[in-house]
file final36.cif (mmCIF, C-alpha atoms and all ligand atoms)
data_query
loop_
_atom_site.label_atom_id
_atom_site.label_comp_id
_atom_site.auth_asym_id
_atom_site.auth_seq_id
_atom_site.Cartn_x
_atom_site.Cartn_y
_atom_site.Cartn_z
CA MET K 1 -65.28 27.97 4.91
CA MET K 2 -67.83 30.79 4.44
CA GLU K 3 -68.57 33.00 7.43
CA LYS K 4 -71.96 32.41 9.08
CA ARG K 5 -74.75 34.87 8.26
CA ASN K 6 -76.80 36.64 10.95
CA ALA K 7 -80.55 36.08 10.87
CA VAL K 8 -83.59 37.36 12.73
CA ILE K 9 -86.99 35.66 13.08
CA LEU K 10 -90.24 37.66 12.88
CA GLY K 11 -93.23 36.02 14.58
CA ALA K 12 -90.85 33.95 16.73
CA SER K 13 -93.50 33.13 19.34
CA GLY K 14 -95.89 31.56 16.80
CA LEU K 15 -96.03 27.98 15.57
CA VAL K 16 -94.00 28.63 12.41
CA GLY K 17 -91.61 31.01 14.22
CA GLN K 18 -90.78 28.28 16.72
CA ARG K 19 -90.12 25.78 13.94
CA PHE K 20 -87.65 28.37 12.62
CA CYS K 21 -86.01 28.36 16.06
CA GLN K 22 -85.87 24.56 15.93
CA MET K 23 -84.37 24.40 12.44
CA LEU K 24 -81.93 27.26 13.00
CA SER K 25 -80.63 26.02 16.38
CA ASN K 26 -76.86 25.46 16.08
CA HIS K 27 -77.15 25.90 12.32
CA PRO K 28 -73.90 25.56 10.36
CA PHE K 29 -74.67 28.57 8.09
CA PHE K 30 -76.78 30.94 10.21
CA ASN K 31 -76.70 32.61 13.67
CA ILE K 32 -79.92 33.91 15.22
CA THR K 33 -79.31 37.43 16.46
CA GLY K 34 -82.88 38.62 17.07
CA LEU K 35 -86.39 37.34 17.81
CA PHE K 36 -89.46 39.50 17.24
CA GLY K 37 -93.11 38.99 18.13
CA GLY K 38 -96.33 40.78 19.04
CA SER K 39 -97.81 42.06 22.29
CA THR K 40 -98.44 38.61 23.83
CA SER K 41 -94.77 37.62 23.75
CA ASP K 42 -93.17 41.07 24.12
CA GLY K 43 -90.21 40.95 26.54
CA LYS K 44 -90.67 37.24 27.31
CA ARG K 45 -87.98 34.62 26.76
CA LEU K 46 -88.55 32.04 24.03
CA VAL K 47 -88.69 29.29 26.67
CA ASP K 48 -91.62 31.08 28.34
CA VAL K 49 -93.86 31.02 25.24
CA LEU K 50 -93.08 27.58 23.79
CA LYS K 51 -95.67 25.85 21.57
CA ILE K 52 -93.40 22.99 20.57
CA PRO K 53 -91.49 20.71 23.00
CA GLU K 54 -88.47 22.36 24.65
CA HIS K 55 -86.16 19.56 23.49
CA SER K 56 -86.91 20.47 19.84
CA ILE K 57 -84.75 23.57 20.27
CA SER K 58 -81.26 22.30 20.89
CA ASP K 59 -79.57 25.64 21.65
CA PRO K 60 -80.04 26.62 25.34
CA GLU K 61 -78.92 30.19 24.61
CA LEU K 62 -81.67 30.55 22.02
CA LEU K 63 -84.25 29.23 24.50
CA ARG K 64 -83.24 32.01 26.90
CA LYS K 65 -83.31 34.70 24.19
CA ARG K 66 -85.75 37.60 24.69
CA ILE K 67 -88.49 38.26 22.15
CA ASP K 68 -88.73 41.95 21.25
CA HIS K 69 -91.74 43.80 19.92
CA LEU K 70 -91.74 43.89 16.13
CA ASP K 71 -90.29 47.17 14.97
CA VAL K 72 -88.50 47.97 11.71
CA ASP K 73 -86.00 50.30 13.41
CA ALA K 74 -85.09 47.62 15.95
CA ILE K 75 -84.60 45.08 13.14
CA SER K 76 -82.51 47.58 11.16
CA LYS K 77 -80.29 48.23 14.17
CA LEU K 78 -79.35 44.54 14.27
CA ASP K 79 -78.48 44.78 10.54
CA PRO K 80 -79.25 41.10 9.83
CA ASP K 81 -78.06 39.39 6.64
CA ILE K 82 -81.36 37.45 6.53
CA VAL K 83 -84.89 38.04 7.84
CA PHE K 84 -87.06 34.95 8.30
CA SER K 85 -90.72 35.96 8.45
CA ALA K 86 -93.54 34.02 10.13
CA LEU K 87 -95.83 37.01 10.46
CA PRO K 88 -99.62 36.98 10.02
CA ASN K 89 -100.55 37.89 6.45
CA ASP K 90 -102.15 41.26 7.13
CA LEU K 91 -99.00 42.43 8.88
CA ALA K 92 -96.52 40.79 6.52
CA ARG K 93 -97.59 42.63 3.38
CA GLU K 94 -96.19 46.04 4.30
CA ILE K 95 -93.44 45.08 6.74
CA GLU K 96 -91.80 42.64 4.33
CA MET K 97 -91.97 45.18 1.49
CA GLU K 98 -90.47 47.85 3.71
CA LEU K 99 -87.66 45.54 4.82
CA ALA K 100 -86.89 44.58 1.22
CA SER K 101 -86.81 48.28 0.26
CA LEU K 102 -84.29 48.81 3.10
CA ASN K 103 -82.08 46.20 1.39
CA PHE K 104 -82.87 43.27 3.67
CA LYS K 105 -83.21 39.75 2.31
CA VAL K 106 -86.56 38.39 3.48
CA PHE K 107 -87.58 34.71 3.38
CA THR K 108 -91.29 34.56 4.13
CA ASN K 109 -94.04 32.08 4.93
CA ALA K 110 -96.85 34.59 4.73
CA SER K 111 -99.11 34.48 1.69
CA ALA K 112 -99.38 38.28 1.42
CA ASN K 113 -96.60 38.79 -1.15
CA ARG K 114 -96.41 35.30 -2.67
CA MET K 115 -98.10 36.09 -5.96
CA MET K 116 -96.26 39.39 -6.59
CA GLU K 117 -94.34 39.26 -9.86
CA SER K 118 -91.11 40.37 -8.19
CA VAL K 119 -91.34 37.60 -5.55
CA PRO K 120 -90.15 34.11 -6.48
CA LEU K 121 -92.29 31.35 -4.94
CA VAL K 122 -89.78 28.58 -4.43
CA VAL K 123 -89.70 24.95 -3.36
CA PRO K 124 -85.99 24.25 -3.88
CA GLU K 125 -86.46 20.72 -5.26
CA VAL K 126 -89.12 21.95 -7.69
CA ASN K 127 -88.06 25.35 -9.08
CA HIS K 128 -84.75 26.46 -7.53
CA GLU K 129 -83.88 28.21 -10.83
CA CYS K 130 -86.44 30.91 -9.94
CA LEU K 131 -84.10 32.12 -7.18
CA GLU K 132 -82.09 33.62 -10.07
CA THR K 133 -84.68 36.43 -10.22
CA VAL K 134 -83.34 37.90 -6.95
CA ARG K 135 -79.68 37.03 -7.42
CA GLY K 136 -77.48 40.11 -7.00
CA LYS K 137 -80.30 42.21 -5.50
CA HIS K 138 -79.56 43.85 -2.16
CA GLY K 139 -83.11 43.64 -0.86
CA PHE K 140 -85.71 41.06 -1.87
CA ILE K 141 -88.49 38.72 -0.75
CA VAL K 142 -88.36 34.98 -1.44
CA ALA K 143 -91.66 33.27 -0.60
CA ASN K 144 -92.68 29.81 0.45
CA GLY K 145 -95.87 28.28 -0.81
CA ASN K 146 -98.95 27.53 1.20
CA CYS K 147 -98.40 24.48 3.45
CA SER K 148 -100.56 22.24 1.20
CA SER K 149 -99.11 23.59 -2.06
CA ILE K 150 -95.55 22.72 -0.98
CA GLY K 151 -96.35 19.06 -0.26
CA LEU K 152 -98.40 18.80 -3.44
CA ALA K 153 -95.64 20.38 -5.57
CA LEU K 154 -92.96 18.10 -4.11
CA SER K 155 -95.01 15.00 -4.85
CA LEU K 156 -96.00 16.15 -8.37
CA LYS K 157 -92.51 17.12 -9.47
CA PRO K 158 -91.22 13.56 -10.15
CA VAL K 159 -94.28 12.72 -12.29
CA MET K 160 -94.82 16.01 -14.13
CA LYS K 161 -92.66 14.67 -16.98
CA PHE K 162 -95.50 12.24 -17.81
CA GLY K 163 -97.60 15.14 -19.06
CA ILE K 164 -99.90 16.31 -16.27
CA SER K 165 -102.15 19.24 -17.17
CA GLU K 166 -104.88 18.89 -14.56
CA VAL K 167 -104.85 17.85 -10.90
CA ASN K 168 -107.68 17.10 -8.49
CA VAL K 169 -106.68 17.16 -4.86
CA THR K 170 -108.53 16.72 -1.57
CA THR K 171 -106.56 17.86 1.45
CA PHE K 172 -106.97 16.73 5.07
CA GLN K 173 -105.27 19.54 6.96
CA ALA K 174 -103.98 19.56 10.53
CA ALA K 175 -105.30 22.02 13.12
CA SER K 176 -101.83 23.63 13.48
CA GLY K 177 -102.22 24.91 9.93
CA ALA K 178 -104.38 27.67 11.38
CA GLY K 179 -101.58 28.92 13.68
CA TYR K 180 -101.86 29.31 17.47
CA PRO K 181 -104.40 28.98 19.10
CA GLY K 182 -106.00 28.26 15.73
CA VAL K 183 -109.33 26.53 15.18
CA PRO K 184 -111.58 26.62 18.30
CA SER K 185 -111.43 23.17 19.93
CA LEU K 186 -115.24 22.81 19.95
CA ASP K 187 -115.29 23.26 16.15
CA ILE K 188 -112.68 20.63 15.39
CA MET K 189 -112.84 18.04 18.21
CA ASP K 190 -114.60 14.88 17.03
CA ASN K 191 -115.35 16.64 13.75
CA LEU K 192 -114.21 17.51 10.18
CA VAL K 193 -114.75 20.90 8.56
CA PRO K 194 -114.94 20.78 4.75
CA TYR K 195 -113.87 24.37 4.25
CA ILE K 196 -110.73 26.40 4.97
CA SER K 197 -110.94 30.08 4.10
CA GLN K 198 -108.84 31.07 1.05
CA GLU K 199 -106.99 27.75 1.00
CA GLU K 200 -108.38 26.35 -2.26
CA GLU K 201 -107.71 29.62 -4.08
CA LYS K 202 -104.12 29.67 -2.83
CA ILE K 203 -103.36 26.12 -3.98
CA SER K 204 -104.86 26.61 -7.44
CA GLN K 205 -102.91 29.86 -7.96
CA GLU K 206 -99.59 28.79 -6.46
CA ILE K 207 -99.03 25.48 -8.26
CA PRO K 208 -98.98 27.15 -11.74
CA LYS K 209 -96.43 29.67 -10.44
CA MET K 210 -94.25 26.94 -8.90
CA PHE K 211 -94.28 24.94 -12.15
CA GLY K 212 -93.80 28.02 -14.30
CA THR K 213 -90.86 28.40 -16.63
CA TYR K 214 -88.01 30.75 -15.86
CA GLU K 215 -87.12 32.70 -18.97
CA SER K 216 -84.77 35.69 -19.26
CA GLY K 217 -85.32 36.96 -15.75
CA HIS K 218 -89.08 36.32 -15.63
CA ILE K 219 -91.34 33.50 -14.50
CA ARG K 220 -94.11 32.46 -16.88
CA ASN K 221 -96.83 30.53 -15.06
CA SER K 222 -97.62 27.00 -16.16
CA GLU K 223 -101.03 26.27 -17.72
CA ILE K 224 -101.63 23.45 -15.22
CA LYS K 225 -105.12 23.48 -13.67
CA VAL K 226 -105.58 22.47 -10.02
CA PHE K 227 -108.96 21.71 -8.42
CA PRO K 228 -108.60 21.49 -4.62
CA THR K 229 -111.11 20.67 -1.88
CA CYS K 230 -109.73 21.45 1.56
CA VAL K 231 -110.86 19.81 4.79
CA ARG K 232 -109.72 20.67 8.34
CA VAL K 233 -109.24 17.55 10.46
CA PRO K 234 -108.61 16.98 14.19
CA VAL K 235 -104.91 16.13 13.76
CA ARG K 236 -102.17 18.21 15.38
CA ASP K 237 -99.55 18.33 12.60
CA SER K 238 -99.23 17.39 8.90
CA HIS K 239 -101.46 17.64 5.89
CA LEU K 240 -102.55 14.53 4.01
CA GLU K 241 -103.57 14.99 0.37
CA VAL K 242 -105.38 12.64 -1.98
CA VAL K 243 -104.21 13.42 -5.50
CA GLN K 244 -105.66 12.41 -8.89
CA ALA K 245 -104.19 13.38 -12.25
CA THR K 246 -104.48 12.16 -15.82
CA LEU K 247 -101.17 11.41 -17.50
CA GLY K 248 -100.63 12.61 -21.05
CA GLN K 249 -98.43 9.63 -21.96
CA ASP K 250 -98.64 5.85 -21.90
CA VAL K 251 -96.65 4.91 -18.83
CA GLU K 252 -96.37 1.70 -16.79
CA GLU K 253 -97.02 1.85 -13.05
CA TYR K 254 -93.47 0.72 -12.28
CA GLU K 255 -92.11 3.79 -14.15
CA VAL K 256 -94.21 6.07 -11.96
CA LEU K 257 -93.00 4.26 -8.83
CA GLU K 258 -89.37 4.50 -9.97
CA SER K 259 -89.80 8.23 -10.61
CA PHE K 260 -91.05 8.84 -7.08
CA ARG K 261 -88.34 6.59 -5.61
CA ASN K 262 -85.42 8.07 -7.55
CA PHE K 263 -86.37 11.72 -7.30
CA ARG K 264 -83.48 13.95 -6.18
CA SER K 265 -82.77 17.60 -6.89
CA LEU K 266 -80.21 20.35 -6.33
CA PRO K 267 -80.55 20.55 -2.50
CA GLN K 268 -79.66 16.83 -2.35
CA GLU K 269 -76.72 17.24 -4.79
CA MET K 270 -75.46 20.19 -2.75
CA LYS K 271 -75.99 18.24 0.49
CA LEU K 272 -77.68 21.22 2.13
CA PRO K 273 -78.00 20.79 5.92
CA SER K 274 -81.83 20.63 5.97
CA ALA K 275 -82.22 18.67 2.71
CA PRO K 276 -83.48 15.13 3.24
CA GLU K 277 -81.75 12.41 1.24
CA ASN K 278 -85.13 11.61 -0.38
CA PRO K 279 -87.42 14.62 -0.82
CA VAL K 280 -90.14 12.08 -1.64
CA ILE K 281 -90.30 8.88 0.39
CA LEU K 282 -92.29 6.16 -1.32
CA ARG K 283 -94.17 3.73 0.94
CA SER K 284 -95.55 0.44 -0.32
CA GLU K 285 -97.79 -0.42 2.68
CA GLU K 286 -101.48 -0.14 1.89
CA ASN K 287 -102.20 2.05 4.95
CA ARG K 288 -99.47 4.71 4.62
CA PRO K 289 -98.77 7.61 4.82
CA GLN K 290 -100.27 8.54 8.18
CA PRO K 291 -99.69 11.71 10.25
CA SER K 292 -98.78 9.74 13.37
CA LEU K 293 -96.18 7.63 11.55
CA ASP K 294 -94.84 9.79 8.73
CA SER K 295 -94.94 13.45 9.86
CA MET K 296 -91.28 13.54 10.79
CA ALA K 297 -90.01 11.71 7.70
CA GLY K 298 -86.48 12.72 6.76
CA SER K 299 -83.01 11.24 6.78
CA SER K 300 -81.11 13.19 9.47
CA GLU K 301 -81.90 15.06 12.69
CA ARG K 302 -81.90 18.38 10.82
CA SER K 303 -84.06 17.14 7.93
CA ARG K 304 -86.79 15.46 10.01
CA GLY K 305 -90.18 16.63 8.71
CA MET K 306 -88.68 17.76 5.39
CA SER K 307 -89.74 14.83 3.18
CA ALA K 308 -93.12 14.33 1.56
CA THR K 309 -94.27 10.73 1.96
CA VAL K 310 -96.16 9.19 -0.97
CA GLY K 311 -98.22 5.98 -0.86
CA ARG K 312 -101.29 4.22 -2.27
CA VAL K 313 -99.98 4.81 -5.82
CA LYS K 314 -102.34 3.44 -8.47
CA LEU K 315 -102.34 3.87 -12.22
CA SER K 316 -105.18 2.71 -14.44
CA ASP K 317 -106.21 4.04 -17.87
CA SER K 318 -103.60 6.82 -17.54
CA ARG K 319 -105.31 7.98 -14.35
CA LEU K 320 -102.78 8.37 -11.56
CA ARG K 321 -103.93 8.33 -7.95
CA TYR K 322 -101.82 8.61 -4.83
CA VAL K 323 -101.80 9.94 -1.28
CA THR K 324 -99.11 12.28 0.01
CA LEU K 325 -98.33 13.66 3.45
CA SER K 326 -96.01 16.42 4.61
CA HIS K 327 -95.40 18.36 7.82
CA ASN K 328 -97.18 21.69 7.54
CA THR K 329 -95.03 23.80 9.88
CA ILE K 330 -91.70 22.18 8.90
CA ARG K 331 -91.56 21.38 5.14
CA GLY K 332 -94.75 23.38 4.57
CA ALA K 333 -93.40 26.48 6.32
CA ALA K 334 -90.20 27.19 8.30
CA GLY K 335 -88.16 24.32 6.85
CA GLY K 336 -89.02 25.41 3.31
CA SER K 337 -87.68 28.92 3.99
CA VAL K 338 -84.55 27.60 5.68
CA LEU K 339 -83.83 25.36 2.68
CA ASN K 340 -84.24 28.33 0.29
CA ALA K 341 -81.80 30.35 2.40
CA GLU K 342 -79.32 27.46 2.65
CA LEU K 343 -79.36 27.11 -1.14
CA MET K 344 -78.72 30.82 -1.67
CA PHE K 345 -75.96 30.81 0.96
CA LYS K 346 -74.22 27.81 -0.62
CA MET K 347 -74.47 29.48 -4.03
CA GLY K 348 -72.76 32.53 -2.53
CA TRP K 349 -75.84 34.71 -3.22
CA ILE K 350 -76.39 35.83 0.39
N1 LIG K 401 -99.25 27.17 10.57
C1 LIG K 401 -98.92 26.71 9.38
O1 LIG K 401 -99.01 25.49 9.10
C2 LIG K 401 -98.42 27.63 8.30
C3 LIG K 401 -97.91 27.06 7.15
C4 LIG K 401 -97.46 27.89 6.12
C5 LIG K 401 -97.51 29.25 6.28
N2 LIG K 401 -98.01 29.79 7.41
C6 LIG K 401 -98.01 31.26 7.53
O2 LIG K 401 -96.97 31.62 8.44
C7 LIG K 401 -97.34 32.79 9.17
C8 LIG K 401 -97.28 32.48 10.66
O3 LIG K 401 -98.21 31.45 10.95
P1 LIG K 401 -98.29 30.74 12.38
O4 LIG K 401 -99.08 29.52 12.16
O5 LIG K 401 -96.94 30.64 13.02
O6 LIG K 401 -99.17 31.83 13.22
P2 LIG K 401 -99.24 32.07 14.78
O7 LIG K 401 -98.95 30.82 15.53
O8 LIG K 401 -100.54 32.73 15.01
O9 LIG K 401 -98.07 33.13 15.08
C9 LIG K 401 -98.16 34.48 14.71
C10 LIG K 401 -96.92 35.25 15.15
O10 LIG K 401 -97.06 36.62 14.76
C11 LIG K 401 -96.95 37.47 15.90
N3 LIG K 401 -97.85 38.62 15.81
C12 LIG K 401 -99.22 38.60 15.78
N4 LIG K 401 -99.69 39.87 15.71
C13 LIG K 401 -98.61 40.68 15.72
C14 LIG K 401 -98.44 42.09 15.68
N5 LIG K 401 -99.49 42.95 15.61
N6 LIG K 401 -97.18 42.61 15.69
C15 LIG K 401 -96.11 41.77 15.73
N7 LIG K 401 -96.20 40.42 15.77
C16 LIG K 401 -97.44 39.88 15.77
C17 LIG K 401 -97.33 36.60 17.08
O11 LIG K 401 -96.77 37.17 18.25
P3 LIG K 401 -97.51 37.05 19.71
O12 LIG K 401 -97.38 35.61 20.11
O13 LIG K 401 -96.75 37.95 20.59
O14 LIG K 401 -98.93 37.45 19.48
C18 LIG K 401 -96.69 35.28 16.66
O15 LIG K 401 -95.32 35.32 16.92
C19 LIG K 401 -98.74 33.18 8.66
O16 LIG K 401 -98.61 34.13 7.65
C20 LIG K 401 -99.28 31.87 8.11
O17 LIG K 401 -100.26 32.08 7.12
C21 LIG K 401 -98.46 29.02 8.44
#
call {"tool": "encode", "arguments": {"input": "final36.cif", "output": "structure tokens"}}
result
Amino acid sequence: MMEKRNAVILGASGLVGQRFCQMLSNHPFFNITGLFGGSTSDGKRLVDVLKIPEHSISDPELLRKRIDHLDVDAISKLDPDIVFSALPNDLAREIEMELASLNFKVFTNASANRMMESVPLVVPEVNHECLETVRGKHGFIVANGNCSSIGLALSLKPVMKFGISEVNVTTFQAASGAGYPGVPSLDIMDNLVPYISQEEEKISQEIPKMFGTYESGHIRNSEIKVFPTCVRVPVRDSHLEVVQATLGQDVEEYEVLESFRNFRSLPQEMKLPSAPENPVILRSEENRPQPSLDSMAGSSERSRGMSATVGRVKLSDSRLRYVTLSHNTIRGAAGGSVLNAELMFKMGWI
């Protein structure tokens, strides 16, 4: 039995930070030894700044834990084995780099360092081999994708073998995707906003990196082209995405359905604690997936919110259409980082 690793959470009072607290409560591999936030949460206990229901965090000691002001010296003093970052992008860029240069292992949700060549951008079921690029390093950053890119990548992975070179996607993104307090209520209540700053650029850049090939220590981006249109919708959690892609091979619809249904990857083989049995859950009902019914899809308490749900699959004239939904702050953020860290721990790399 490997000894548990100590972890700290940066941005612990935010929406993603609190999902980290949820997913790392009583975790079999990791202990939380420090919580860090900004001036709003400084000195407060986690329970005093909750943005998710109290029962989501099963460890009472963690609920009572104090949030300290973010400070590299204070983090260094705790000497954590792992740093989970849910910092705003402008802050993340330098702090994460500094922590990596001080030999800390950083797993981040911020977009600031995602596209750096030295930073693998990993969805474990899609491109776990890219974690090799940081294997053996003392300090590094492993990044998560944007919350829409992760769901899109998970759903595309089982069908990429049918020769997809171009994807059109329209996203319907939850208000929590903008963090707390996020989009002003008067902008989003009873409304849709067909623009999310920087979101379309992120998706079209990140998917080619996620589907890149790992060759002799480097990642070569895929040539895949992605054309996203992003819409903010008055839903609390989960992003729904309508995907269209042309297949480069003659394939029957049942083969596509089987590929979604049978998709498994390394996290499932390794039975990682936060890995759902089915990373993609295929629904046959004509009105699924829906945020209110499918947000928390997953097979165990720890993997709730970690599956992407796929439905409305149609194939005609090699044109594939489907709808996918995934939880933006769980699979699309904290849960994605936790799964990366679980994989590296189980491999003996951290
Ligand atoms: N929300 C999503 O769906 C989602 C999905 C994927 C990735 N992300 C990324 O994850 C990161 C966190 O997002 P979020 O939605 O959790 O944001 P959030 O709810 O706004 O939380 C931001 C966190 O950062 C802290 N913070 C803000 N300014 C600070 C400062 N000057 N010094 C130290 N700490 C500071 C806040 O502390 P106080 O409470 O004390 O101010 C809070 O803990 C962002 O980079 C975001 O782009 C978010």
call {"tool": "atom_distance", "arguments": {"input": "final36.cif", "atom1": "CA of Pro289 in chain K", "atom2": "CA of Val159 in chain K"}}
result
18.4 Å
call {"tool": "residues_near_ligand", "arguments": {"input": "final36.cif", "ligand": "ligand LIG 401 (chain K)", "cutoff": "7 Å", "atoms": "all atoms listed in the file", "output": "JSON, numbers by chain"}}
result
{"K": [10, 11, 12, 13, 14, 15, 16, 17, 36, 37, 38, 39, 40, 41, 42, 69, 70, 86, 87, 88, 89, 91, 109, 110, 111, 146, 147, 176, 177, 178, 179, 180, 181, 328, 329, 332, 333]}
call {"tool": "residues_around", "arguments": {"input": "final36.cif", "residues": "Ser58 in chain K", "least_positions_apart": "5", "cutoff": "9 Å", "atoms": "only C-alpha atoms", "output": "PyMOL selection string"}}
result
chain K and resi 22+25-26+63
call {"tool": "residues_around", "arguments": {"input": "final36.cif", "residues": "Met115 in chain K", "least_positions_apart": "2", "cutoff": "10 Å", "atoms": "all atoms listed in the file", "output": "mmCIF file with C-alpha atoms, in the frame of the given file"}}
result
data_model
loop_
_atom_site.group_PDB
_atom_site.id
_atom_site.type_symbol
_atom_site.label_atom_id
_atom_site.label_comp_id
_atom_site.auth_asym_id
_atom_site.auth_seq_id
_atom_site.Cartn_x
_atom_site.Cartn_y
_atom_site.Cartn_z
ATOM 1 C CA SER K 111 -99.110 34.480 1.690
ATOM 2 C CA ALA K 112 -99.380 38.280 1.420
ATOM 3 C CA ASN K 113 -96.600 38.790 -1.150
ATOM 4 C CA GLU K 117 -94.340 39.260 -9.860
ATOM 5 C CA SER K 118 -91.110 40.370 -8.190
ATOM 6 C CA VAL K 119 -91.340 37.600 -5.550
ATOM 7 C CA PRO K 120 -90.150 34.110 -6.480
ATOM 8 C CA LEU K 121 -92.290 31.350 -4.940
ATOM 9 C CA ALA K 143 -91.660 33.270 -0.600
ATOM 10 C CA GLY K 145 -95.870 28.280 -0.810
ATOM 11 C CA LYS K 202 -104.120 29.670 -2.830
ATOM 12 C CA GLN K 205 -102.910 29.860 -7.960
ATOM 13 C CA GLU K 206 -99.590 28.790 -6.460
ATOM 14 C CA LYS K 209 -96.430 29.670 -10.440
#
call {"tool": "closest_residue", "arguments": {"input": "final36.cif", "among": "K:Leu35, K:Leu186, K:Leu339, K:Leu152", "to": "Leu266 in chain K", "atoms": "only C-alpha atoms"}}
result
K:Leu339
call {"tool": "closest_residue", "arguments": {"input": "final36.cif", "among": "K:Ser307, K:Gln173, K:Asn6, K:Ser299", "to": "Leu192 in chain K", "atoms": "all atoms listed in the file"}}
result
K:Gln173
call {"tool": "closest_residue", "arguments": {"input": "final36.cif", "among": "K:Tyr214, K:Phe20, K:Phe29, K:Phe263", "to": "Phe107 in chain K", "atoms": "all atoms listed in the file"}}
result
K:Phe20
call {"tool": "residues_near_point", "arguments": {"input": "final36.cif", "point": "(-94.9, 15.5, -2.0)", "cutoff": "10 Å", "atoms": "only C-alpha atoms", "output": "ChimeraX atom specification"}}
result
/K:148-158,240-241,260,279-282,306-310,323-326,331
call {"tool": "closest_residue", "arguments": {"input": "final36.cif", "among": "K:Met23, K:Val256, K:Ala297, K:Val126", "to": "Ala341 in chain K", "atoms": "only C-alpha atoms"}}
result
K:Met23
call {"tool": "atom_distance", "arguments": {"input": "final36.cif", "atom1": "CA of Ser85 in chain K", "atom2": "CA of Gly182 in chain K"}}
result
18.6 Å
call {"tool": "decode", "arguments": {"input": "final36.cif", "residues": "range 191-196 of chain K", "atoms": "all heavy atoms", "output": "tab-separated table (two decimals), in the first residue's frame"}}
result
chain	number	residue	atom	x	y	z
K	191	ASN	N	-32.80	34.49	-20.37
K	191	ASN	CA	-32.04	34.97	-21.52
K	191	ASN	C	-31.01	33.94	-21.98
K	191	ASN	O	-30.72	32.97	-21.26
K	191	ASN	CB	-31.32	36.28	-21.12
K	191	ASN	CG	-30.89	37.09	-22.32
K	191	ASN	OD1	-31.39	36.89	-23.42
K	191	ASN	ND2	-29.94	37.98	-22.10
K	192	LEU	N	-30.44	34.14	-23.15
K	192	LEU	CA	-29.29	33.38	-23.66
K	192	LEU	C	-28.30	34.41	-24.18
K	192	LEU	O	-28.71	35.41	-24.76
K	192	LEU	CB	-29.68	32.49	-24.85
K	192	LEU	CG	-30.74	31.42	-24.65
K	192	LEU	CD1	-31.07	30.79	-26.01
K	192	LEU	CD2	-30.23	30.34	-23.73
K	193	VAL	N	-27.01	34.16	-24.01
K	193	VAL	CA	-26.02	35.10	-24.52
K	193	VAL	C	-25.09	34.36	-25.50
K	193	VAL	O	-24.35	33.47	-25.08
K	193	VAL	CB	-25.18	35.72	-23.37
K	193	VAL	CG1	-24.21	36.75	-23.91
K	193	VAL	CG2	-26.09	36.34	-22.32
K	194	PRO	N	-25.17	34.69	-26.80
K	194	PRO	CA	-24.44	33.89	-27.78
K	194	PRO	C	-22.97	34.29	-27.92
K	194	PRO	O	-22.44	34.35	-29.01
K	194	PRO	CB	-25.20	34.17	-29.07
K	194	PRO	CG	-25.70	35.55	-28.90
K	194	PRO	CD	-25.97	35.75	-27.43
K	195	TYR	N	-22.33	34.54	-26.80
K	195	TYR	CA	-20.91	34.88	-26.83
K	195	TYR	C	-20.32	34.67	-25.45
K	195	TYR	O	-20.88	35.10	-24.44
K	195	TYR	CB	-20.73	36.37	-27.23
K	195	TYR	CG	-19.29	36.82	-27.11
K	195	TYR	CD1	-18.31	36.33	-27.99
K	195	TYR	CD2	-18.88	37.70	-26.10
K	195	TYR	CE1	-16.98	36.73	-27.86
K	195	TYR	CE2	-17.55	38.10	-25.99
K	195	TYR	CZ	-16.61	37.61	-26.87
K	195	TYR	OH	-15.30	37.99	-26.75
K	196	ILE	N	-19.17	33.99	-25.40
K	196	ILE	CA	-18.43	33.85	-24.14
K	196	ILE	C	-16.98	34.19	-24.47
K	196	ILE	O	-16.35	33.54	-25.31
K	196	ILE	CB	-18.53	32.41	-23.57
K	196	ILE	CG1	-20.01	32.01	-23.40
K	196	ILE	CG2	-17.78	32.29	-22.26
K	196	ILE	CD1	-20.24	30.57	-22.98
